[in-house]
Amino acid sequence: MLPAMATAAWAGFAAGIVILLLTAASVLGTLIVPRATAPRLTVLVTRTVRRAFLLVTDRVDGYRTRDRIEALGGPALLMALLLAWVALVFVSFALLLWPFVGNFGNALVLTGASMFTLGFATPHGVAPTALVFLCAMSGLVIVALQIAYLPTLYAAFNRRETLVTMLEFLGGVPAWGPEILMRHELIDNTDRLGWLYERWTEWAADVSESHTTYPQLLYFRSPNPYRSWVVGLLAVMDAAALHLSLSPLSAPASARPLLRMGYVAMRELAGAVGVDIDPDPDPA
């Protein structure tokens, strides 16, 4: 190998290590680490997908059409992350193999045969053989982790939407705080408002935890175009605030914890999508 080509190959080797480490950090932070993390690669892919959908939906007038398009945003984000991880792992191992196989074209062929378990190209030497085994394992691990990630994601999605669906007959579609109070009063069921506030306090805590740990859930819209989990939470918080303001003597004790937990949940979710918030808006 010529000196200039050898230098380029080893520079590519160093770049391959960096790309592989960044990709591994994104995969681990997104799929495995059970806390709110923001790997740069994951954030970049998320913003790119989100902007692509906004470019399309900004040109659509009908709400139902926009909703149908945006409903694809969550699944599209998961597919984009998987494709980005696989592509970057592919490129990184091709760069790592480059110094050992002579040219980058051969490295791409060997990486493809190994990563996609085709087996038509075989390496020669200890180092390239070890890299080929790692490459094959990396591709399988990424796909397996993504598949295992889906049940957790959809379980959290179903938990979120169950209470939102129940709110339809309590607060209308879309949900509205005064409507919740009015319907309970009309059927002489105001005693159940305390139970409703308690359920939504627990719901807000669950959503705050699950949607900051798995922020991809934020881009999964409710199944009904006129039902929204965000609007549902705001409607119940409005009902609790109105109840405390207009009839404090009859307001159940669970109304105040709901307002506090709802506020904390919205603050946490805003932080998860990069919205600047004041962590202490009223110190007094």
# chains A, B, ... in the order shown; residues from 1 in each chain; ligands from 1
call {"tool": "residues_around", "arguments": {"residues": "A:Ile142", "least_positions_apart": "6", "cutoff": "9 Å", "atoms": "only C-alpha atoms", "output": "PyMOL selection string"}}
result
chain A and resi 27+82+85-86
call {"tool": "residues_around", "arguments": {"residues": "A:Ala205", "least_positions_apart": "4", "cutoff": "9 Å", "atoms": "only C-alpha atoms", "output": "JSON list (two decimals) with C-alpha atoms, in the first residue's frame"}}
result
[["chain", "number", "residue", "atom", "x", "y", "z"],
["A", 200, "TRP", "CA", -54.98, 11.72, 36.46],
["A", 201, "THR", "CA", -52.37, 12.52, 39.10],
["A", 209, "GLU", "CA", -41.52, 9.12, 33.70],
["A", 210, "SER", "CA", -42.16, 7.08, 30.55],
["A", 261, "MET", "CA", -48.15, 16.86, 39.39],
["A", 262, "GLY", "CA", -49.64, 18.06, 36.11],
["A", 264, "VAL", "CA", -44.34, 19.09, 36.94],
["A", 265, "ALA", "CA", -45.20, 16.62, 34.16]]
call {"tool": "residues_around", "arguments": {"residues": "A:Thr30", "least_positions_apart": "5", "cutoff": "8 Å", "atoms": "only C-alpha atoms", "output": "PyMOL selection string"}}
result
chain A and resi 37-39+42+214
call {"tool": "atom_distance", "arguments": {"atom1": "atom CA of A:Leu269", "atom2": "atom CA of A:Ala148"}}
result
24.1 Å
call {"tool": "atom_distance", "arguments": {"atom1": "atom CA of A:Val164", "atom2": "atom CA of A:Val275"}}
result
24.0 Å
call {"tool": "residues_around", "arguments": {"residues": "A:Tyr197", "least_positions_apart": "5", "cutoff": "7 Å", "atoms": "only C-alpha atoms", "output": "list in words"}}
result
Ser254, Ala255 and Leu258 of chain A
call {"tool": "atom_distance", "arguments": {"atom1": "atom CA of A:Arg159", "atom2": "atom CA of A:Ser26"}}
result
26.2 Å
call {"tool": "closest_residue", "arguments": {"among": "A:Leu20, A:Val49, A:Val236, A:Val143", "to": "A:Leu72", "atoms": "only C-alpha atoms"}}
result
A:Val49
